[in-house]
Amino acid sequence: MTETISRIDPQVSRGNIGDRWGRLVARRRWVVLAIWTLLAVGSAVLYPALQNSLVGANFSVPGTESSRADDLIERHFESFGSEQLVVTFTSESVNTSDPAFRERVGEVVGQLRQSPDVLRVVDPYETAGFVPTISEDGTSALAFVGIGGEASDRIAVAERVQEMIGSASGNGVEVAVTGYSPMTVDLTRVESEDAVRAESIGLPIAFVVLILALGSVVAGIVPLVSTGIGVLAAFGMFALLSNVMTFDVLVTTVAAMFGLGLGIDYALFIVSRFREEIGRTPSDDPDRTERAVGAAMGTAGHTIVISGLVVLIALGALAIVDVPAVQSISLVVALTIATVVVVAWTLLPAILAVLGTRIGAWSLPRRFQPPSVDEHDAAVPTWWSRWAQHVIERPWRYTAASAAVLVVCLIPIGSISYGVDLGAEALSAEPSGRANTVLTEKFAPGTISPITIVFTGEDDSPLGPQQMATVNAFADSVRGDDRVAYALAQPEGGRSLLIVVPSVPIDSTEASDLVGSLREQAVAAGDRDGTNVSVGGTTALVVDASDEISGKFAWVVAAVLAFSLFYLAVVFRSVVIPLKAVAMNLLVTGAALGATVAVFQWGWGSSLLGFESPGYIQVYLPVTVFAVVFGLSMDYEVFLIGRMREVFVRGASNDVAVVDGIEHTARPITAAAAIMIAVFASFLTADVLELKQFGFALAIAVLFDAVLVRMMMVPAMMKLFGERNWWPGSNRSRADSGRYEAVGS
């Protein structure tokens with residue numbers, strides 16, 4: 001015997017806020033469309049300003065040793081500059097001693113010295129005592145360029161220097177410039193190309209999925225249009241905010257990734273419910289479209305607001321982490337999600353009101369239509385209702401199997417290591433990438449951004465004779481380290497700056513270990529005679545950011561869990577459901593991060609995905625992915641459980657509510673998951689490693705969540721807990737229970 005569920009779907013309660021709002025927008029649809037048209041045009045005009053204002057990721061943590069070192073350099077070594085750019089000169093036909101080579105170097109150095117943006121230039125032919133500036137084989141030379149200012153100022157300077165250097169090659173000599181800021185400029189361009197390529201793959205797949213999920217071409221276009229305008233509006237907002245704050249290079253890419261994935265999902269849920277409602281409303285009803293818009297906003301619209309708020313709560317927890325790069329990403333994602341929710345509540349219902357029954361234009365054949373479109377199909381068991389019935393008849397089996405898979409995938413997270421890949425591998429075709437190649441092959445990779453060590457007396461006073469001797473001894477000890485290519489002490493104003501050029505890439509684990517060793521030596525030196533030693537530089541910033549993030553990770557998790565539990569308890573008026581949701585979502589996020597560690601840290605499948613593992617995960621990825629994935633998991637939880645509760649409170653049994661919830665939400669949830677996976681996984685084609693990591697982690701998390709959790713664990717555990725799921729319970733209308741009945745067949 002199998003059991004199917006025969007019922008008449010409950011009518012949506014009229015008069016709630018979403019319903020009234022949807023009807024209002026439907027009546028004012030042309031005004032709403034006009035406003036959004038103006039906003040979209042304005043945002044498009046502002047977009048170039050956003051691109052021009054992007055800076056590199058800021059890993060500085062206030063109060064840390066690396067931040068103190070940077071402050072001391074700015075205060076006492078002003079001529080050194082806040083950042084050192086490296087200009088490379090290389091030739092396959094002309095030697096560095098050749099007059100043509102020297103002439104080319106002299107012309108470029110002269111131009112740079114005349115620039116008001118440049119603090120100083122070290123000519124490779126001058127005896128500066130810094131580091132070797134002529135390669136051993138005589139084919140390459142280096143000039144060092146000191147620049148100052150804030151991060152955004154240095155980006156602008158780097159662009160002007162690149163423009164100046166761009167036409168400097170000649171006489172057989174190739175000239176290029178690198179450094180943190182020039183790499184950021186080039187990385188912005190590469191990531192933009194990565195995003196365009198990823199979207200050109202992901203969006204067509206999303207469009208096909210939307211057509212299959214919604215049953216018509218027109219219905220499939222609507223979510224893409226509304227979400228695209230929402231993401232564009234978010235960009236316009238960022239452009240305005242860039243006048244008072246800075247955004248790093250990941251802004252547009254991350255905004256597009258999350259905005260498209262979540263925005264299309266939200267629109268899909270609303271359009272799906274609109275089609276269901278307009279299908280059950282009598283065709284001779286003059287207010288048919290208005291009623292359907294109101295009903296869709298009163299149900300699916302209400303659900304996406306809850307979902308969006310849960311995601312924002314999760315992202316808000318990232319404010320605990322005092323790393324600007326992490327806070328910037330969380331702010332960008334939060335504003336983007338808020339924008340797409342606003343679009344879903346304003347622009348989308350206006351579009352639906354204009355289309356009305358034309359939402360079904362260019363429909364698929366009837367057998368491919370969603371079963372909820374025609375109310376007469378309600379009594380016919382669907383594949384999804386049969387699947388739900390199958391699962392709840394075997395609850396222990398599906399709970400154990402899905403949990404086992406997630407736990408196995410979670411195991412690698414125990415060996416997670418942090419670092420920051422600066423994207424040098426992705427810049428091989430860019431000017432900074434060509435300069436990096438010269439440094440790596442002819443000099444030392446660490447020349448791109450040396451470690452800086454500042455020595456002062458107590459309370460920032462000048463050094464005494466004994467302390468100066470300590471500096472010299474420290475420098476001699478550092479030069480003996482195999483991980484160090486060069487080290488030079490530069491005294492100024494009674495203080496000393498030791499510039500350490502690593503022989504290893506600055507974003508490698510070896511460079512991070514070197515920073516740790518230098519700091520241990522610095523503590524020992526300070527204990528001897530009171531010398532204050534501060535180790536800074538890009539690698540040191542990353543080490544301090546890693547410590548801050550790993551130290552605050554547990555607090556972020558606790559905050560997300562606490563807020564989510566409270567919020568879901570209020571929404572569902574239940575204790576059991578929020579506890580189960582949090583436990584399952586923890587499994588999903590942990591499994592996704594564990595799989596990411598296995599692939600990108602351990603290198604499993606690296607050749608297939610086209611990258612070389614650096615041996616660590618991007619420092620800001622785990623905490624960011626945890627918050628975002630936890631929020632996305634809640635998205636499906638709210639949508640699925642919200643539908644079950646809608647049925648349960650009207651008198652249906654727990655089993656009927658579970659089957660009904662799966663039947664009516666599985667198709668859009670599966671479609672939404674497929675869309676998110678397509679959007680996120682398309683970033684695996686990116687050249688920049690951090691985009692690959694983000695794309696993989698998010699795609700695998702959505703896959704786990706939609707398949708293992710929503711379609712297996714949720715119905716199975718809902719069955720196991722029975723009506724205890726709804727404890728302490730909601731007001732139920734047993735008068736309506738006759739509208740739901742189990743029919744044996």
# chains A, B, ... in the order shown; residues from 1 in each chain; ligands from 1
call {"tool": "select_by_dssp", "arguments": {"residues": "range 429-495 of chain A", "states": "strand (DSSP E or B)", "output": "number ranges by chain"}}
result
A: 451-456, 484-492, 495
call {"tool": "select_by_dssp", "arguments": {"residues": "range 594-722 of chain A", "states": "helix (DSSP H, G or I)", "output": "PyMOL selection string"}}
result
chain A and resi 594-601+606-609+621-648+654-685+689-722
call {"tool": "residues_around", "arguments": {"residues": "range 442-455 of chain A", "least_positions_apart": "2", "cutoff": "7 Å", "atoms": "only C-alpha atoms", "output": "ChimeraX atom specification"}}
result
/A:69,86,135,178-180,438-440,485,495-506,531-539
call {"tool": "write_last_selection", "arguments": {"atoms": "N, CA, C and O atoms", "output": "tab-separated table (two decimals), in the first residue's frame"}}
result
chain	number	residue	atom	x	y	z
A	69	ALA	N	54.11	48.94	13.06
A	69	ALA	CA	55.29	49.10	12.20
A	69	ALA	C	55.01	50.06	11.06
A	69	ALA	O	55.83	50.94	10.75
A	86	VAL	N	58.34	48.46	-7.67
A	86	VAL	CA	59.56	47.97	-8.30
A	86	VAL	C	59.40	48.05	-9.81
A	86	VAL	O	58.47	47.46	-10.37
A	135	SER	N	70.98	42.10	-12.18
A	135	SER	CA	70.98	40.64	-12.10
A	135	SER	C	72.37	40.08	-12.40
A	135	SER	O	73.19	40.71	-13.06
A	178	THR	N	55.79	46.61	-10.78
A	178	THR	CA	54.99	45.75	-9.91
A	178	THR	C	55.04	46.28	-8.48
A	178	THR	O	55.66	47.30	-8.20
A	179	GLY	N	54.37	45.56	-7.60
A	179	GLY	CA	54.18	46.01	-6.23
A	179	GLY	C	52.74	45.71	-5.85
A	179	GLY	O	51.92	45.32	-6.69
A	180	TYR	N	52.40	45.92	-4.59
A	180	TYR	CA	51.05	45.57	-4.14
A	180	TYR	C	49.98	46.36	-4.89
A	180	TYR	O	48.99	45.80	-5.36
A	438	VAL	N	60.28	38.61	-13.75
A	438	VAL	CA	61.67	39.07	-13.71
A	438	VAL	C	62.23	38.96	-12.30
A	438	VAL	O	63.36	38.48	-12.08
A	439	LEU	N	61.45	39.40	-11.31
A	439	LEU	CA	61.91	39.34	-9.92
A	439	LEU	C	62.16	37.90	-9.48
A	439	LEU	O	63.17	37.60	-8.83
A	440	THR	N	61.23	37.02	-9.83
A	440	THR	CA	61.33	35.62	-9.39
A	440	THR	C	62.52	34.93	-10.05
A	440	THR	O	63.25	34.17	-9.38
A	485	ALA	N	66.74	36.69	1.35
A	485	ALA	CA	67.68	36.97	0.26
A	485	ALA	C	68.59	38.13	0.62
A	485	ALA	O	69.81	38.05	0.46
A	495	ARG	N	66.63	56.23	14.85
A	495	ARG	CA	65.89	54.98	14.79
A	495	ARG	C	66.37	54.18	13.58
A	495	ARG	O	67.08	54.73	12.74
A	496	SER	N	65.97	52.94	13.48
A	496	SER	CA	66.49	52.12	12.39
A	496	SER	C	65.37	51.31	11.75
A	496	SER	O	64.46	50.81	12.44
A	497	LEU	N	65.46	51.18	10.45
A	497	LEU	CA	64.51	50.38	9.67
A	497	LEU	C	65.28	49.26	8.97
A	497	LEU	O	66.18	49.53	8.17
A	498	LEU	N	64.94	48.03	9.32
A	498	LEU	CA	65.57	46.88	8.68
A	498	LEU	C	64.63	46.36	7.60
A	498	LEU	O	63.50	45.96	7.88
A	499	ILE	N	65.12	46.40	6.36
A	499	ILE	CA	64.33	45.95	5.22
A	499	ILE	C	64.78	44.53	4.87
A	499	ILE	O	65.93	44.31	4.51
A	500	VAL	N	63.84	43.59	4.98
A	500	VAL	CA	64.15	42.17	4.76
A	500	VAL	C	63.44	41.70	3.50
A	500	VAL	O	62.20	41.75	3.42
A	501	VAL	N	64.23	41.26	2.53
A	501	VAL	CA	63.66	40.75	1.27
A	501	VAL	C	63.68	39.22	1.32
A	501	VAL	O	64.75	38.62	1.28
A	502	PRO	N	62.51	38.58	1.44
A	502	PRO	CA	62.48	37.11	1.49
A	502	PRO	C	62.91	36.49	0.16
A	502	PRO	O	62.72	37.07	-0.92
A	503	SER	N	63.49	35.32	0.27
A	503	SER	CA	63.86	34.56	-0.93
A	503	SER	C	62.70	33.69	-1.40
A	503	SER	O	62.82	32.97	-2.40
A	504	VAL	N	61.58	33.78	-0.68
A	504	VAL	CA	60.38	33.00	-1.01
A	504	VAL	C	59.25	33.97	-1.33
A	504	VAL	O	59.30	35.14	-0.94
A	505	PRO	N	58.22	33.52	-2.06
A	505	PRO	CA	57.09	34.42	-2.35
A	505	PRO	C	56.46	34.96	-1.07
A	505	PRO	O	56.35	34.24	-0.08
A	506	ILE	N	56.05	36.22	-1.11
A	506	ILE	CA	55.54	36.85	0.11
A	506	ILE	C	54.20	36.28	0.55
A	506	ILE	O	53.79	36.49	1.70
A	531	THR	N	64.92	47.44	23.63
A	531	THR	CA	64.66	47.91	22.28
A	531	THR	C	63.25	47.50	21.85
A	531	THR	O	62.85	46.35	22.02
A	532	ASN	N	62.49	48.45	21.33
A	532	ASN	CA	61.16	48.15	20.80
A	532	ASN	C	61.30	47.73	19.34
A	532	ASN	O	61.83	48.50	18.52
A	533	VAL	N	60.82	46.56	19.01
A	533	VAL	CA	60.95	46.02	17.65
A	533	VAL	C	59.55	45.69	17.12
A	533	VAL	O	58.80	44.98	17.78
A	534	SER	N	59.21	46.22	15.95
A	534	SER	CA	57.90	45.97	15.32
A	534	SER	C	58.12	45.43	13.92
A	534	SER	O	58.80	46.06	13.10
A	535	VAL	N	57.54	44.26	13.64
A	535	VAL	CA	57.69	43.61	12.34
A	535	VAL	C	56.43	43.88	11.52
A	535	VAL	O	55.32	43.56	11.96
A	536	GLY	N	56.61	44.47	10.34
A	536	GLY	CA	55.47	44.80	9.48
A	536	GLY	C	55.70	44.38	8.05
A	536	GLY	O	56.57	43.57	7.74
A	537	GLY	N	54.90	44.93	7.16
A	537	GLY	CA	54.93	44.55	5.75
A	537	GLY	C	53.71	43.73	5.40
A	537	GLY	O	52.93	43.32	6.27
A	538	THR	N	53.52	43.46	4.12
A	538	THR	CA	52.32	42.76	3.64
A	538	THR	C	52.16	41.38	4.27
A	538	THR	O	51.08	41.01	4.72
A	539	THR	N	53.25	40.61	4.32
A	539	THR	CA	53.16	39.27	4.90
A	539	THR	C	52.79	39.33	6.37
A	539	THR	O	51.98	38.52	6.86
call {"tool": "residues_around", "arguments": {"residues": "range 51-61 of chain A", "least_positions_apart": "5", "cutoff": "8 Å", "atoms": "only C-alpha atoms", "output": "PDB file with all heavy atoms, in the first residue's frame"}}
result
ATOM      1  N   SER A  66      51.970  44.671  13.110  1.00  0.00           N
ATOM      2  CA  SER A  66      52.177  45.128  11.731  1.00  0.00           C
ATOM      3  C   SER A  66      51.640  46.534  11.526  1.00  0.00           C
ATOM      4  O   SER A  66      52.253  47.348  10.816  1.00  0.00           O
ATOM      5  CB  SER A  66      51.504  44.164  10.754  1.00  0.00           C
ATOM      6  OG  SER A  66      50.124  44.012  11.055  1.00  0.00           O
ATOM      7  N   SER A  67      50.516  46.850  12.158  1.00  0.00           N
ATOM      8  CA  SER A  67      49.965  48.202  12.049  1.00  0.00           C
ATOM      9  C   SER A  67      50.878  49.216  12.730  1.00  0.00           C
ATOM     10  O   SER A  67      51.090  50.324  12.218  1.00  0.00           O
ATOM     11  CB  SER A  67      48.567  48.262  12.681  1.00  0.00           C
ATOM     12  OG  SER A  67      47.655  47.482  11.955  1.00  0.00           O
ATOM     13  N   ALA A 151      45.537  53.974   0.969  1.00  0.00           N
ATOM     14  CA  ALA A 151      45.464  52.871  -0.001  1.00  0.00           C
ATOM     15  C   ALA A 151      44.870  53.323  -1.327  1.00  0.00           C
ATOM     16  O   ALA A 151      45.394  52.997  -2.404  1.00  0.00           O
ATOM     17  CB  ALA A 151      44.642  51.717   0.582  1.00  0.00           C
ATOM     18  N   SER A 152      43.764  54.091  -1.283  1.00  0.00           N
ATOM     19  CA  SER A 152      43.126  54.540  -2.527  1.00  0.00           C
ATOM     20  C   SER A 152      44.035  55.490  -3.294  1.00  0.00           C
ATOM     21  O   SER A 152      44.069  55.480  -4.531  1.00  0.00           O
ATOM     22  CB  SER A 152      41.790  55.215  -2.218  1.00  0.00           C
ATOM     23  OG  SER A 152      41.977  56.291  -1.319  1.00  0.00           O
ATOM     24  N   ILE A 155      46.692  53.437  -5.115  1.00  0.00           N
ATOM     25  CA  ILE A 155      46.137  52.781  -6.301  1.00  0.00           C
ATOM     26  C   ILE A 155      46.146  53.756  -7.474  1.00  0.00           C
ATOM     27  O   ILE A 155      46.535  53.402  -8.602  1.00  0.00           O
ATOM     28  CB  ILE A 155      44.701  52.293  -6.040  1.00  0.00           C
ATOM     29  CG1 ILE A 155      44.694  51.138  -5.040  1.00  0.00           C
ATOM     30  CG2 ILE A 155      44.016  51.868  -7.334  1.00  0.00           C
ATOM     31  CD1 ILE A 155      45.290  49.863  -5.554  1.00  0.00           C
ATOM     32  N   TYR A 180      52.401  45.920  -4.593  1.00  0.00           N
ATOM     33  CA  TYR A 180      51.050  45.567  -4.143  1.00  0.00           C
ATOM     34  C   TYR A 180      49.983  46.356  -4.889  1.00  0.00           C
ATOM     35  O   TYR A 180      48.992  45.801  -5.358  1.00  0.00           O
ATOM     36  CB  TYR A 180      50.923  45.795  -2.638  1.00  0.00           C
ATOM     37  CG  TYR A 180      49.636  45.272  -2.055  1.00  0.00           C
ATOM     38  CD1 TYR A 180      49.388  43.899  -1.993  1.00  0.00           C
ATOM     39  CD2 TYR A 180      48.656  46.126  -1.582  1.00  0.00           C
ATOM     40  CE1 TYR A 180      48.207  43.400  -1.471  1.00  0.00           C
ATOM     41  CE2 TYR A 180      47.464  45.637  -1.056  1.00  0.00           C
ATOM     42  CZ  TYR A 180      47.248  44.278  -1.005  1.00  0.00           C
ATOM     43  OH  TYR A 180      46.071  43.796  -0.500  1.00  0.00           O
ATOM     44  N   SER A 181      50.176  47.667  -5.032  1.00  0.00           N
ATOM     45  CA  SER A 181      49.165  48.494  -5.711  1.00  0.00           C
ATOM     46  C   SER A 181      49.086  48.210  -7.207  1.00  0.00           C
ATOM     47  O   SER A 181      47.989  48.068  -7.753  1.00  0.00           O
ATOM     48  CB  SER A 181      49.431  49.977  -5.449  1.00  0.00           C
ATOM     49  OG  SER A 181      49.167  50.293  -4.099  1.00  0.00           O
ATOM     50  N   THR A 184      47.219  45.135  -7.660  1.00  0.00           N
ATOM     51  CA  THR A 184      45.793  45.336  -7.410  1.00  0.00           C
ATOM     52  C   THR A 184      45.101  45.916  -8.638  1.00  0.00           C
ATOM     53  O   THR A 184      43.979  45.505  -8.986  1.00  0.00           O
ATOM     54  CB  THR A 184      45.594  46.281  -6.209  1.00  0.00           C
ATOM     55  OG1 THR A 184      46.155  45.682  -5.042  1.00  0.00           O
ATOM     56  CG2 THR A 184      44.119  46.553  -5.969  1.00  0.00           C
ATOM     57  N   VAL A 185      45.751  46.863  -9.293  1.00  0.00           N
ATOM     58  CA  VAL A 185      45.182  47.463 -10.504  1.00  0.00           C
ATOM     59  C   VAL A 185      44.960  46.383 -11.565  1.00  0.00           C
ATOM     60  O   VAL A 185      43.889  46.292 -12.172  1.00  0.00           O
ATOM     61  CB  VAL A 185      46.106  48.567 -11.053  1.00  0.00           C
ATOM     62  CG1 VAL A 185      45.599  49.062 -12.407  1.00  0.00           C
ATOM     63  CG2 VAL A 185      46.191  49.731 -10.071  1.00  0.00           C
ATOM     64  N   THR A 188      42.217  43.845 -10.599  1.00  0.00           N
ATOM     65  CA  THR A 188      40.861  44.350 -10.833  1.00  0.00           C
ATOM     66  C   THR A 188      40.404  44.015 -12.243  1.00  0.00           C
ATOM     67  O   THR A 188      39.277  43.571 -12.467  1.00  0.00           O
ATOM     68  CB  THR A 188      40.815  45.874 -10.621  1.00  0.00           C
ATOM     69  OG1 THR A 188      41.234  46.177  -9.299  1.00  0.00           O
ATOM     70  CG2 THR A 188      39.412  46.412 -10.840  1.00  0.00           C
ATOM     71  N   SER A 242      31.407  55.078  -2.281  1.00  0.00           N
ATOM     72  CA  SER A 242      32.860  55.154  -2.479  1.00  0.00           C
ATOM     73  C   SER A 242      33.397  56.565  -2.272  1.00  0.00           C
ATOM     74  O   SER A 242      34.613  56.757  -2.167  1.00  0.00           O
ATOM     75  CB  SER A 242      33.224  54.659  -3.885  1.00  0.00           C
ATOM     76  OG  SER A 242      32.713  55.534  -4.877  1.00  0.00           O
ATOM     77  N   THR A 246      36.093  53.181   1.283  1.00  0.00           N
ATOM     78  CA  THR A 246      36.785  52.447   0.225  1.00  0.00           C
ATOM     79  C   THR A 246      36.261  51.021   0.126  1.00  0.00           C
ATOM     80  O   THR A 246      35.869  50.415   1.131  1.00  0.00           O
ATOM     81  CB  THR A 246      38.303  52.402   0.472  1.00  0.00           C
ATOM     82  OG1 THR A 246      38.559  51.777   1.738  1.00  0.00           O
ATOM     83  CG2 THR A 246      38.887  53.798   0.468  1.00  0.00           C
ATOM     84  N   PHE A 247      36.263  50.492  -1.088  1.00  0.00           N
ATOM     85  CA  PHE A 247      35.890  49.101  -1.345  1.00  0.00           C
ATOM     86  C   PHE A 247      37.065  48.428  -2.032  1.00  0.00           C
ATOM     87  O   PHE A 247      37.733  49.038  -2.875  1.00  0.00           O
ATOM     88  CB  PHE A 247      34.657  49.023  -2.236  1.00  0.00           C
ATOM     89  CG  PHE A 247      33.411  49.575  -1.600  1.00  0.00           C
ATOM     90  CD1 PHE A 247      32.944  50.835  -1.938  1.00  0.00           C
ATOM     91  CD2 PHE A 247      32.713  48.848  -0.657  1.00  0.00           C
ATOM     92  CE1 PHE A 247      31.803  51.357  -1.358  1.00  0.00           C
ATOM     93  CE2 PHE A 247      31.571  49.353  -0.068  1.00  0.00           C
ATOM     94  CZ  PHE A 247      31.108  50.616  -0.418  1.00  0.00           C
ATOM     95  N   ASP A 248      37.300  47.167  -1.676  1.00  0.00           N
ATOM     96  CA  ASP A 248      38.442  46.501  -2.284  1.00  0.00           C
ATOM     97  C   ASP A 248      38.067  45.872  -3.620  1.00  0.00           C
ATOM     98  O   ASP A 248      36.925  45.936  -4.069  1.00  0.00           O
ATOM     99  CB  ASP A 248      39.056  45.469  -1.323  1.00  0.00           C
ATOM    100  CG  ASP A 248      38.150  44.294  -1.045  1.00  0.00           C
ATOM    101  OD1 ASP A 248      37.706  43.664  -2.010  1.00  0.00           O
ATOM    102  OD2 ASP A 248      37.888  44.014   0.135  1.00  0.00           O
ATOM    103  N   VAL A 249      39.061  45.240  -4.217  1.00  0.00           N
ATOM    104  CA  VAL A 249      38.953  44.773  -5.587  1.00  0.00           C
ATOM    105  C   VAL A 249      37.892  43.690  -5.773  1.00  0.00           C
ATOM    106  O   VAL A 249      37.389  43.477  -6.881  1.00  0.00           O
ATOM    107  CB  VAL A 249      40.336  44.257  -6.053  1.00  0.00           C
ATOM    108  CG1 VAL A 249      40.730  43.023  -5.273  1.00  0.00           C
ATOM    109  CG2 VAL A 249      40.377  43.987  -7.544  1.00  0.00           C
ATOM    110  N   LEU A 250      37.531  42.999  -4.687  1.00  0.00           N
ATOM    111  CA  LEU A 250      36.553  41.917  -4.798  1.00  0.00           C
ATOM    112  C   LEU A 250      35.104  42.398  -4.849  1.00  0.00           C
ATOM    113  O   LEU A 250      34.195  41.602  -5.057  1.00  0.00           O
ATOM    114  CB  LEU A 250      36.688  40.970  -3.594  1.00  0.00           C
ATOM    115  CG  LEU A 250      37.789  39.920  -3.652  1.00  0.00           C
ATOM    116  CD1 LEU A 250      37.820  39.142  -2.352  1.00  0.00           C
ATOM    117  CD2 LEU A 250      37.624  38.992  -4.828  1.00  0.00           C
ATOM    118  N   VAL A 251      34.879  43.699  -4.644  1.00  0.00           N
ATOM    119  CA  VAL A 251      33.522  44.205  -4.457  1.00  0.00           C
ATOM    120  C   VAL A 251      32.577  43.806  -5.580  1.00  0.00           C
ATOM    121  O   VAL A 251      31.543  43.179  -5.348  1.00  0.00           O
ATOM    122  CB  VAL A 251      33.534  45.734  -4.296  1.00  0.00           C
ATOM    123  CG1 VAL A 251      32.146  46.302  -4.480  1.00  0.00           C
ATOM    124  CG2 VAL A 251      34.023  46.108  -2.906  1.00  0.00           C
ATOM    125  N   ASP A 322      37.762  42.184  13.327  1.00  0.00           N
ATOM    126  CA  ASP A 322      38.291  43.532  13.098  1.00  0.00           C
ATOM    127  C   ASP A 322      39.329  43.538  11.971  1.00  0.00           C
ATOM    128  O   ASP A 322      40.480  43.952  12.150  1.00  0.00           O
ATOM    129  CB  ASP A 322      38.908  44.063  14.397  1.00  0.00           C
ATOM    130  CG  ASP A 322      39.104  45.581  14.357  1.00  0.00           C
ATOM    131  OD1 ASP A 322      38.605  46.212  13.399  1.00  0.00           O
ATOM    132  OD2 ASP A 322      39.748  46.124  15.266  1.00  0.00           O
ATOM    133  N   VAL A 323      38.918  43.048  10.811  1.00  0.00           N
ATOM    134  CA  VAL A 323      39.763  43.047   9.613  1.00  0.00           C
ATOM    135  C   VAL A 323      38.983  43.745   8.502  1.00  0.00           C
ATOM    136  O   VAL A 323      37.923  43.251   8.095  1.00  0.00           O
ATOM    137  CB  VAL A 323      40.145  41.617   9.177  1.00  0.00           C
ATOM    138  CG1 VAL A 323      40.974  41.647   7.899  1.00  0.00           C
ATOM    139  CG2 VAL A 323      40.904  40.905  10.284  1.00  0.00           C
ATOM    140  N   PRO A 324      39.446  44.889   8.011  1.00  0.00           N
ATOM    141  CA  PRO A 324      38.689  45.629   6.995  1.00  0.00           C
ATOM    142  C   PRO A 324      38.300  44.802   5.781  1.00  0.00           C
ATOM    143  O   PRO A 324      37.219  44.992   5.237  1.00  0.00           O
ATOM    144  CB  PRO A 324      39.651  46.762   6.615  1.00  0.00           C
ATOM    145  CG  PRO A 324      40.466  46.995   7.847  1.00  0.00           C
ATOM    146  CD  PRO A 324      40.658  45.625   8.445  1.00  0.00           C
ATOM    147  N   ALA A 325      39.161  43.877   5.346  1.00  0.00           N
ATOM    148  CA  ALA A 325      38.839  43.066   4.169  1.00  0.00           C
ATOM    149  C   ALA A 325      37.596  42.217   4.411  1.00  0.00           C
ATOM    150  O   ALA A 325      36.733  42.097   3.539  1.00  0.00           O
ATOM    151  CB  ALA A 325      40.033  42.177   3.803  1.00  0.00           C
ATOM    152  N   LEU A 541      51.070  41.684   7.815  1.00  0.00           N
ATOM    153  CA  LEU A 541      49.652  42.046   7.883  1.00  0.00           C
ATOM    154  C   LEU A 541      48.771  40.812   7.757  1.00  0.00           C
ATOM    155  O   LEU A 541      47.780  40.649   8.473  1.00  0.00           O
ATOM    156  CB  LEU A 541      49.305  43.040   6.770  1.00  0.00           C
ATOM    157  CG  LEU A 541      49.740  44.492   6.943  1.00  0.00           C
ATOM    158  CD1 LEU A 541      49.434  45.274   5.671  1.00  0.00           C
ATOM    159  CD2 LEU A 541      49.039  45.132   8.123  1.00  0.00           C
ATOM    160  N   VAL A 542      49.137  39.932   6.833  1.00  0.00           N
ATOM    161  CA  VAL A 542      48.358  38.713   6.617  1.00  0.00           C
ATOM    162  C   VAL A 542      48.420  37.810   7.843  1.00  0.00           C
ATOM    163  O   VAL A 542      47.412  37.228   8.253  1.00  0.00           O
ATOM    164  CB  VAL A 542      48.867  37.971   5.369  1.00  0.00           C
ATOM    165  CG1 VAL A 542      48.213  36.594   5.259  1.00  0.00           C
ATOM    166  CG2 VAL A 542      48.588  38.781   4.115  1.00  0.00           C
ATOM    167  N   ASP A 544      48.859  38.729  10.963  1.00  0.00           N
ATOM    168  CA  ASP A 544      48.033  39.324  12.018  1.00  0.00           C
ATOM    169  C   ASP A 544      46.545  39.182  11.702  1.00  0.00           C
ATOM    170  O   ASP A 544      45.732  38.960  12.607  1.00  0.00           O
ATOM    171  CB  ASP A 544      48.392  40.805  12.187  1.00  0.00           C
ATOM    172  CG  ASP A 544      49.761  40.995  12.820  1.00  0.00           C
ATOM    173  OD1 ASP A 544      50.240  40.054  13.473  1.00  0.00           O
ATOM    174  OD2 ASP A 544      50.357  42.077  12.648  1.00  0.00           O
ATOM    175  N   ALA A 545      46.183  39.319  10.433  1.00  0.00           N
ATOM    176  CA  ALA A 545      44.784  39.143  10.042  1.00  0.00           C
ATOM    177  C   ALA A 545      44.340  37.699  10.277  1.00  0.00           C
ATOM    178  O   ALA A 545      43.217  37.446  10.728  1.00  0.00           O
ATOM    179  CB  ALA A 545      44.585  39.526   8.584  1.00  0.00           C
ATOM    180  N   GLU A 548      43.666  37.279  13.918  1.00  0.00           N
ATOM    181  CA  GLU A 548      42.421  37.946  14.302  1.00  0.00           C
ATOM    182  C   GLU A 548      41.212  37.122  13.865  1.00  0.00           C
ATOM    183  O   GLU A 548      40.269  36.932  14.640  1.00  0.00           O
ATOM    184  CB  GLU A 548      42.366  39.334  13.658  1.00  0.00           C
ATOM    185  CG  GLU A 548      41.024  40.046  13.744  1.00  0.00           C
ATOM    186  CD  GLU A 548      40.652  40.507  15.137  1.00  0.00           C
ATOM    187  OE1 GLU A 548      41.511  40.440  16.038  1.00  0.00           O
ATOM    188  OE2 GLU A 548      39.497  40.924  15.337  1.00  0.00           O
TER     189      GLU A 548
END
call {"tool": "residues_around", "arguments": {"residues": "Ile677 in chain A", "least_positions_apart": "4", "cutoff": "7 Å", "atoms": "only C-alpha atoms", "output": "ChimeraX atom specification"}}
result
/A:673,681,699,702-703
call {"tool": "closest_residue", "arguments": {"among": "A:Ala100, A:Ala195, A:Ala206, A:Ala591", "to": "Gly261 in chain A", "atoms": "only C-alpha atoms"}}
result
A:Ala206
call {"tool": "residues_around", "arguments": {"residues": "range 399-412 of chain A", "least_positions_apart": "4", "cutoff": "8 Å", "atoms": "only C-alpha atoms", "output": "PyMOL selection string"}}
result
chain A and resi 395+416+587-588+590-595+597-598+704+708-709+712-713+716-717
call {"tool": "decode", "arguments": {"residues": "range 158-162 of chain A", "atoms": "C-alpha atoms", "output": "CSV table (one decimal), in the first residue's frame"}}
result
chain,number,residue,atom,x,y,z
A,158,ALA,CA,50.1,53.1,-9.4
A,159,GLU,CA,47.7,53.5,-12.3
A,160,ARG,CA,49.5,56.8,-13.3
A,161,VAL,CA,52.9,55.1,-13.0
A,162,GLN,CA,51.7,52.1,-15.1
